[in-house]
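Chemist: Okay, handing you the structure first.
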Amino acid sequence: MPSSGLAAALVLAILSVPLQPVRAAAVPHLPWLDSSMGLLQAELTARYGDAQRLRVRRGLAQTARYWRPEDGGAAEYEAFVRAQFVGDAPALDALFGRLEPALAGLEGHQAAIRREFRRGLDLGPLLPVDRILAGRDPAAHDVEDAYQDQLAFVALLNFPLASLEERLRDGGAWSSRQWAEAWLAERFGRRIPARALQASAAARAAAEAYLDHSRIRADHLVDGRETGLFPPGPPLLCHLGLRDAIRAQYGAGRGGLRRQKLLQRVMERVVEQSIPAAVLDRPDVQWDPETDTVTLAAEAVPAQASAQAAVPAADLRYGTLLEVFHAERGVDPHAPLAPTLIARRLGGERQLAEGRVRQLLEELCGSPLLARVAGLVRARLGRELEPFDLWYDGFRPGAGAGLDALARRRYPDAAAFRRDLPRLLRGLGFAPGQAAALAAGIDVEPARGSAHAACSGLPADPCRLRLRIGPGGMDFRAFSGALHGLGHAAAQRLALDRAEHPLAAGLPGPGFEEALAFLVQGQDLDLLDRGGTSAETTALAALDDFWSACAGAAAALVELDVWRWLYDHPEAAPGELREAVAASARSVWNRYYAPAFGRRDVLLLAIPDDLVVGRLDLADYPLGHLIARRLRRRIGAGGGLGPALARVAALGRLTPDLWLQRAAGAPLGSSALLEDAAEALGRL
């Protein structure tokens, strides 16, 4: 038996399945396949022995699932199988040894190209061609070409394309090599035409371009006749920018509350799509969100004023999301094992069934702790809760002038943060040599948008940490966000550098990378030399995690509802989608937040920009908080953060429960976060 043999339970499962290929609905059944598969099953088993029967059976079923008329008839199929099936262990080892570095290198180079295509969009200055470049997918033709030259069929004939159910059931008994083989075959588990992949990439690039254009100039907002409510500054993204502007007003007294309500009204108009098109990133107009009055700014030249100043943005937001949906519907027929975006994003990339994700999100939002923590927020604010208090972040310091001034002095630009990387990594607990090696593999670049890490996975290619730094330098909030990005970069570098097999390198899904980033970000005060852990700060940090996770979980539930609705209403118009999104946002709010806030029918859960881009990634953030809390318990019992990150990053791309069981001694769940929040409430 080759070294890649499957676990006994998996073998029994294969035996119980009829030898029939599962085909995409859009592909006609090839009548000769059944007889050819039966003939080859007997022939190859006789040639290589009965021990290879199960491998032969599975390889035939996997190749037949994706064989198309243009690939040839019975003679071509049979000739291919006879030539390419590998029936002994040394030859299979040699095949794997040839494919793994080639495919891992290809993926890395594609990621590097994709990152460079986005350079203008991420870093600026923005040129008209940058949106075209960002919409190109260098891997769009990869799988199609691999089927045309039969490389994909070679992989599927010889290595197991394991379903999520098989990985969950049997993955605990697999070696690192077997996991690498499973991910090797997974690369070819969908035969998606290049035109469909390119359409999907272009639709998302268009959505990102729409969001990038849909920025609000807070300094041009008017409340009644009063101007100058906000200082001059760059235009704000309609979700993260406005949310952070709301957070910045805590502690500013009645004037801050007034400005927060004004920003909330802007968000509501974005969701309703009653926002005038003329106010989006326009320096020459002023806008009163409450009365929806648009006027010429005092410093504007009259000729610059738009004749359509008060024309609403219509349903561009939801029309953009519909374009993404329709592009994904073009992919669906070619992914028979994951025929919806929901299945591909959750079951495929995150290795979690939709029901499991919903359960975890609902456990957070439905916890009685939400009302208790809301009461604490109310007491700390000294007033009744407003809907935007969903994003209250006052459990941890961050808005103080002292912290902002210290961060700005230390990090006036990206180069200063880059120079400080070795010290920051040593502060996280990495040994000096490892801190220096990690820092050498990370470049820092000033970005137009929020902080993020762009890593290709190529060993010699530095990870790009792209940071948003204001004209006056990096304030404390930006520094904390930069540490979050550093957590992403360090996790990716460690996973790559410590992996036994590059195809199995990485983490179970994006939520796990978010968890490691949250752990690094949680050291922001210590790394700015303003630390000092106490029972109170520990308790407040637990409540901050809980409050943030609940807000993210509620928005993620809306996102799941919206995509379910889209698949149930594939011919919907933008206006119908708008009403469905609003209905879901109100429903989730009324179910979980209305009892604690005393307000009903709030729309704010539909504001995230990620909802429009359609990546189905809003659940990653609350799941990241759950995972981080579970890991924090093990790290607290076993040493510094740096060694712990290095240890868990080396585990590889396992299933979520298996990874967490090995990393922290318990499967994925909400108990650690809920227990820590309950204990924190008891302390306070």
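Residue numbering restarts at 1 for every chain of the structure tokens, chains are lettered A, B, ... in their displayed order, and ligands are numbered from 1 as they appear.
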List the spatial neighbours of segment 317-328 of chain A as a ChimeraX atom specification - criterion: any atom at most 7 Å away, only C-alpha atoms, same-chain residues fewer than 3 positions off excluded.
Modeler: /A:196,199-200,203-204,207,331-332,341,574,577-578,612-614
Chemist: Could you give me, as a PDB file with C-alpha atoms, in the first residue's frame, the residues within 10 Å of segment 249-258 of chain A, counting only C-alpha atoms and dropping anything in the same chain fewer than 6 positions from it?
Modeler:
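Okay, this is what ended up in part-v1.pdb:
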ATOM      1  CA  ASP A 223     -26.122  69.744  11.313  1.00  0.00           C
ATOM      2  CA  LEU A 229     -18.363  69.899  13.239  1.00  0.00           C
ATOM      3  CA  GLN A 264     -25.188  57.233  12.391  1.00  0.00           C
ATOM      4  CA  LEU A 381     -21.422  56.157  29.360  1.00  0.00           C
ATOM      5  CA  GLU A 386     -27.743  54.601  21.181  1.00  0.00           C
ATOM      6  CA  ASP A 389     -22.949  51.946  20.804  1.00  0.00           C
ATOM      7  CA  TYR A 392     -18.406  51.016  21.779  1.00  0.00           C
ATOM      8  CA  ASP A 393     -14.716  50.392  22.382  1.00  0.00           C
ATOM      9  CA  GLY A 394     -14.213  52.103  25.711  1.00  0.00           C
ATOM     10  CA  ALA A 399      -8.370  57.597  22.518  1.00  0.00           C
ATOM     11  CA  GLY A 400      -6.184  59.315  25.095  1.00  0.00           C
TER      12      GLY A 400
END
Chemist: Enumerate as a PyMOL selection string all residues of segment 474-534 of chain A assigned to helix (DSSP H, G or I) by DSSP on the backbone, naming them with the chain letters and numbers the document uses.
Modeler: chain A and resi 476-497+502-504+510-521+524-527
Chemist: Between atom CA of Val558 of chain A and atom CA of His484 of chain A, what is the distance, to one decimal in Å?
Modeler: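 Here the two named atoms are 25.1 Å from each other.
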Chemist: Would you please extract all strand (DSSP E) residues from segment 453-610 of chain A, as assigned by DSSP on the backbone, and give them as a PDB file with N, CA and C atoms, in the first residue's frame?
Modeler:
ATOM      1  N   ALA A 453      -2.037  42.664   5.572  1.00  0.00           N
ATOM      2  CA  ALA A 453      -0.814  41.973   5.161  1.00  0.00           C
ATOM      3  C   ALA A 453      -1.063  41.291   3.827  1.00  0.00           C
ATOM      4  N   ALA A 454      -0.111  41.434   2.911  1.00  0.00           N
ATOM      5  CA  ALA A 454      -0.212  40.804   1.595  1.00  0.00           C
ATOM      6  C   ALA A 454       1.003  39.909   1.408  1.00  0.00           C
ATOM      7  N   CYS A 463       6.780  39.429   2.991  1.00  0.00           N
ATOM      8  CA  CYS A 463       5.370  39.761   3.166  1.00  0.00           C
ATOM      9  C   CYS A 463       5.243  41.275   3.221  1.00  0.00           C
ATOM     10  N   ARG A 464       4.266  41.832   2.515  1.00  0.00           N
ATOM     11  CA  ARG A 464       4.039  43.279   2.530  1.00  0.00           C
ATOM     12  C   ARG A 464       2.992  43.621   3.582  1.00  0.00           C
ATOM     13  N   LEU A 465       3.425  44.375   4.583  1.00  0.00           N
ATOM     14  CA  LEU A 465       2.515  44.882   5.603  1.00  0.00           C
ATOM     15  C   LEU A 465       2.165  46.304   5.215  1.00  0.00           C
ATOM     16  N   ARG A 466       0.912  46.512   4.786  1.00  0.00           N
ATOM     17  CA  ARG A 466       0.478  47.797   4.263  1.00  0.00           C
ATOM     18  C   ARG A 466      -0.335  48.532   5.321  1.00  0.00           C
ATOM     19  N   LEU A 467       0.151  49.701   5.738  1.00  0.00           N
ATOM     20  CA  LEU A 467      -0.406  50.427   6.871  1.00  0.00           C
ATOM     21  C   LEU A 467      -0.952  51.778   6.447  1.00  0.00           C
TER      22      LEU A 467
END
Chemist: Under the rule of at most 8 Å, produce a per-residue listing of segment 439-549 of chain A near segment 162-179 of chain A: chain, number, name, the closest pair of atoms, and the distance in Å, as a Markdown table, using only C-alpha atoms.
Modeler:
| residue | atom | partner | partner_atom | distance |
| --- | --- | --- | --- | --- |
| A:Glu500 | CA | A:Ser176 | CA | 7.1 |
| A:His501 | CA | A:Arg177 | CA | 6.8 |
| A:Ala504 | CA | A:Trp179 | CA | 6.0 |
Chemist: Considering only C-alpha atoms, state which residue in the set A:Phe395, A:Leu528, A:Leu516, A:Cys365 is at the smallest distance from Tyr411 of chain A.
Modeler: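 The answer is A:Leu528, which sits nearest to Tyr411 of chain A.
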Chemist: If we count only C-alpha atoms and set the cut-off at 10 Å, which residues sit around Ala440 of chain A, ignoring sequence neighbours fewer than 6 positions away in its own chain? Please answer as JSON, numbers by chain.
Modeler: {"A": [418, 421, 422, 434, 462, 463]}
Chemist: Can you list, as a list of chain:residue names, every protein, DNA or RNA residue that comes within 10 Å of Phe96 of chain A when you count only C-alpha atoms, leaving out same-chain residues fewer than 3 positions away?
Modeler: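 Counting only the stated atoms, we get A:Ser4, A:Pro90, A:Ala91, A:Leu92, A:Asp93, A:Leu99, A:Glu100, A:Pro101, A:Ala102, A:Ala155, A:Asn158, A:Phe159, A:Arg177, A:Ala180, A:Glu181, A:Leu184.
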Chemist: Counting only C-alpha atoms, which residue out of A:His220, A:Arg114, A:Arg225, A:Arg191 sits closest to Ser456 of chain A?
Modeler: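 Selected residue with least distance to Ser456 of chain A: A:Arg114.
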Chemist: Do a neighbour search on Gly531 of chain A at 12 Å with only C-alpha atoms, toss out local chain neighbours closer than 6 positions, and write the hits as a PyMOL selection string.
Modeler: chain A and resi 396-397+403+427+522-525+537-538
Chemist: For a quick check of understanding, using only C-alpha atoms, which of A:Leu30, A:Ala205, A:Ala51, A:Ala94 has the smallest distance to Glu70 of chain A?
Modeler: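 Of A:Leu30, A:Ala205, A:Ala51, A:Ala94, the one nearest Glu70 of chain A, counting only C-alpha atoms, is A:Leu30.
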Chemist: Between atom CA of Gly457 of chain A and atom CA of Gly97 of chain A, what is the distance, to one decimal in Å?
Modeler: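 Atom CA of Gly97 of chain A lies 18.5 Å from atom CA of Gly457 of chain A.
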Chemist: Interatomic distance between atom CA of Pro510 of chain A and atom CA of Asp137 of chain A?
Modeler: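 Interatomic distance here is 20.2 Å.
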Chemist: Please determine, counting only C-alpha atoms, which residue among A:Arg187, A:Arg259, A:Gly38, A:Glu208 has the shortest atom-to-atom distance to Val222 of chain A.
Modeler: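 Closest residue, counting only C-alpha atoms: A:Arg259.
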Chemist: I'd like the contact shell of segment 78-88 of chain A - 7 Å cut-off, only C-alpha atoms, skipping same-chain residues fewer than 3 positions apart - returned as a PyMOL selection string.
Modeler: chain A and resi 2+36+48+52+74-75+91-92+154+157-158
Chemist: Once you have the residues from the selection above, write them out as a short mmCIF file (atom, residue, chain, number, x, y, z; two decimals), in the first residue's frame, restricted to C-alpha atoms.
Modeler:
data_model
loop_
_atom_site.label_atom_id
_atom_site.label_comp_id
_atom_site.auth_asym_id
_atom_site.auth_seq_id
_atom_site.Cartn_x
_atom_site.Cartn_y
_atom_site.Cartn_z
CA PRO A 2 1.46 3.46 -0.87
CA SER A 36 -14.73 2.11 -19.35
CA TYR A 48 -1.12 -3.72 -9.27
CA GLN A 52 -4.72 -0.97 -4.88
CA ALA A 74 -13.49 6.09 -24.39
CA ALA A 75 -10.20 5.30 -26.14
CA ALA A 91 6.49 5.87 -7.88
CA LEU A 92 3.70 7.62 -5.98
CA VAL A 154 -3.14 13.14 -13.16
CA LEU A 157 -6.37 9.92 -10.61
CA ASN A 158 -3.69 9.43 -7.96
#
Chemist: Using only C-alpha atoms, which residues sit within 12 Å of Gln62 of chain A once same-chain residues fewer than 6 positions away are excluded, as a PyMOL selection string?
Modeler: chain A and resi 14+19-23+37+55-56+81+152-163+185-186+188-191+336-337
Chemist: Save out the residues we just selected, N, CA and C atoms, as a PDB file, in the first residue's frame.
Modeler:
ATOM      1  N   ILE A  14     -15.588   4.617   0.899  1.00  0.00           N
ATOM      2  CA  ILE A  14     -15.440   4.558  -0.555  1.00  0.00           C
ATOM      3  C   ILE A  14     -16.100   3.301  -1.106  1.00  0.00           C
ATOM      4  N   LEU A  19     -19.773   2.995  -8.142  1.00  0.00           N
ATOM      5  CA  LEU A  19     -18.735   3.508  -9.031  1.00  0.00           C
ATOM      6  C   LEU A  19     -19.383   4.345 -10.122  1.00  0.00           C
ATOM      7  N   GLN A  20     -19.878   5.535  -9.731  1.00  0.00           N
ATOM      8  CA  GLN A  20     -20.539   6.442 -10.666  1.00  0.00           C
ATOM      9  C   GLN A  20     -19.974   7.839 -10.470  1.00  0.00           C
ATOM     10  N   PRO A  21     -19.611   8.520 -11.522  1.00  0.00           N
ATOM     11  CA  PRO A  21     -19.124   9.889 -11.370  1.00  0.00           C
ATOM     12  C   PRO A  21     -20.262  10.842 -11.049  1.00  0.00           C
ATOM     13  N   VAL A  22     -19.989  11.805 -10.145  1.00  0.00           N
ATOM     14  CA  VAL A  22     -20.941  12.870  -9.859  1.00  0.00           C
ATOM     15  C   VAL A  22     -20.617  14.026 -10.792  1.00  0.00           C
ATOM     16  N   ARG A  23     -21.578  14.470 -11.574  1.00  0.00           N
ATOM     17  CA  ARG A  23     -21.297  15.457 -12.604  1.00  0.00           C
ATOM     18  C   ARG A  23     -22.090  16.737 -12.360  1.00  0.00           C
ATOM     19  N   MET A  37     -14.940   2.606 -16.986  1.00  0.00           N
ATOM     20  CA  MET A  37     -14.494   2.573 -15.595  1.00  0.00           C
ATOM     21  C   MET A  37     -14.485   1.145 -15.058  1.00  0.00           C
ATOM     22  N   ARG A  55      -7.788   2.577  -4.246  1.00  0.00           N
ATOM     23  CA  ARG A  55      -7.197   3.741  -4.908  1.00  0.00           C
ATOM     24  C   ARG A  55      -7.633   3.824  -6.369  1.00  0.00           C
ATOM     25  N   VAL A  56      -7.663   2.667  -7.027  1.00  0.00           N
ATOM     26  CA  VAL A  56      -8.117   2.640  -8.417  1.00  0.00           C
ATOM     27  C   VAL A  56      -9.555   3.129  -8.501  1.00  0.00           C
ATOM     28  N   VAL A  81      -5.705   6.842 -18.430  1.00  0.00           N
ATOM     29  CA  VAL A  81      -5.676   6.165 -17.128  1.00  0.00           C
ATOM     30  C   VAL A  81      -4.559   5.126 -17.098  1.00  0.00           C
ATOM     31  N   ALA A 152      -4.481  18.179 -14.209  1.00  0.00           N
ATOM     32  CA  ALA A 152      -5.524  18.021 -13.193  1.00  0.00           C
ATOM     33  C   ALA A 152      -5.979  16.577 -13.101  1.00  0.00           C
ATOM     34  N   PHE A 153      -6.122  15.911 -14.241  1.00  0.00           N
ATOM     35  CA  PHE A 153      -6.550  14.513 -14.223  1.00  0.00           C
ATOM     36  C   PHE A 153      -5.493  13.609 -13.593  1.00  0.00           C
ATOM     37  N   VAL A 154      -4.207  13.924 -13.801  1.00  0.00           N
ATOM     38  CA  VAL A 154      -3.140  13.144 -13.157  1.00  0.00           C
ATOM     39  C   VAL A 154      -3.286  13.232 -11.638  1.00  0.00           C
ATOM     40  N   ALA A 155      -3.523  14.462 -11.118  1.00  0.00           N
ATOM     41  CA  ALA A 155      -3.672  14.642  -9.679  1.00  0.00           C
ATOM     42  C   ALA A 155      -4.904  13.904  -9.160  1.00  0.00           C
ATOM     43  N   LEU A 156      -6.028  14.033  -9.853  1.00  0.00           N
ATOM     44  CA  LEU A 156      -7.262  13.405  -9.380  1.00  0.00           C
ATOM     45  C   LEU A 156      -7.225  11.893  -9.514  1.00  0.00           C
ATOM     46  N   LEU A 157      -6.468  11.376 -10.449  1.00  0.00           N
ATOM     47  CA  LEU A 157      -6.367   9.924 -10.614  1.00  0.00           C
ATOM     48  C   LEU A 157      -5.570   9.292  -9.487  1.00  0.00           C
ATOM     49  N   ASN A 158      -4.634  10.050  -8.897  1.00  0.00           N
ATOM     50  CA  ASN A 158      -3.686   9.434  -7.964  1.00  0.00           C
ATOM     51  C   ASN A 158      -3.791   9.906  -6.523  1.00  0.00           C
ATOM     52  N   PHE A 159      -4.514  11.007  -6.274  1.00  0.00           N
ATOM     53  CA  PHE A 159      -4.579  11.532  -4.913  1.00  0.00           C
ATOM     54  C   PHE A 159      -6.036  11.783  -4.529  1.00  0.00           C
ATOM     55  N   PRO A 160      -6.362  11.624  -3.232  1.00  0.00           N
ATOM     56  CA  PRO A 160      -7.769  11.673  -2.804  1.00  0.00           C
ATOM     57  C   PRO A 160      -8.329  13.090  -2.727  1.00  0.00           C
ATOM     58  N   LEU A 161      -9.446  13.319  -3.366  1.00  0.00           N
ATOM     59  CA  LEU A 161     -10.183  14.576  -3.251  1.00  0.00           C
ATOM     60  C   LEU A 161     -11.154  14.407  -2.084  1.00  0.00           C
ATOM     61  N   ALA A 162     -10.709  14.749  -0.902  1.00  0.00           N
ATOM     62  CA  ALA A 162     -11.472  14.469   0.312  1.00  0.00           C
ATOM     63  C   ALA A 162     -12.553  15.522   0.528  1.00  0.00           C
ATOM     64  N   SER A 163     -13.738  15.091   0.807  1.00  0.00           N
ATOM     65  CA  SER A 163     -14.833  16.003   1.130  1.00  0.00           C
ATOM     66  C   SER A 163     -14.643  16.545   2.540  1.00  0.00           C
ATOM     67  N   ALA A 185      -5.099  17.615  -4.303  1.00  0.00           N
ATOM     68  CA  ALA A 185      -6.260  17.262  -5.121  1.00  0.00           C
ATOM     69  C   ALA A 185      -7.345  18.334  -5.049  1.00  0.00           C
ATOM     70  N   GLU A 186      -7.480  18.971  -3.887  1.00  0.00           N
ATOM     71  CA  GLU A 186      -8.507  19.999  -3.713  1.00  0.00           C
ATOM     72  C   GLU A 186      -8.342  21.135  -4.716  1.00  0.00           C
ATOM     73  N   PHE A 188      -7.846  20.965  -7.698  1.00  0.00           N
ATOM     74  CA  PHE A 188      -8.509  20.625  -8.963  1.00  0.00           C
ATOM     75  C   PHE A 188      -9.925  20.099  -8.743  1.00  0.00           C
ATOM     76  N   GLY A 189     -10.499  20.405  -7.582  1.00  0.00           N
ATOM     77  CA  GLY A 189     -11.826  19.898  -7.255  1.00  0.00           C
ATOM     78  C   GLY A 189     -12.962  20.645  -7.925  1.00  0.00           C
ATOM     79  N   ARG A 190     -12.644  21.661  -8.726  1.00  0.00           N
ATOM     80  CA  ARG A 190     -13.665  22.409  -9.466  1.00  0.00           C
ATOM     81  C   ARG A 190     -13.106  22.695 -10.849  1.00  0.00           C
ATOM     82  N   ARG A 191     -13.847  22.354 -11.852  1.00  0.00           N
ATOM     83  CA  ARG A 191     -13.414  22.641 -13.214  1.00  0.00           C
ATOM     84  C   ARG A 191     -14.175  23.867 -13.690  1.00  0.00           C
ATOM     85  N   PRO A 336     -19.496  21.049  -8.625  1.00  0.00           N
ATOM     86  CA  PRO A 336     -20.563  20.148  -8.183  1.00  0.00           C
ATOM     87  C   PRO A 336     -20.494  19.781  -6.709  1.00  0.00           C
ATOM     88  N   LEU A 337     -19.307  19.801  -6.103  1.00  0.00           N
ATOM     89  CA  LEU A 337     -19.198  19.457  -4.688  1.00  0.00           C
ATOM     90  C   LEU A 337     -19.471  20.651  -3.779  1.00  0.00           C
TER      91      LEU A 337
END
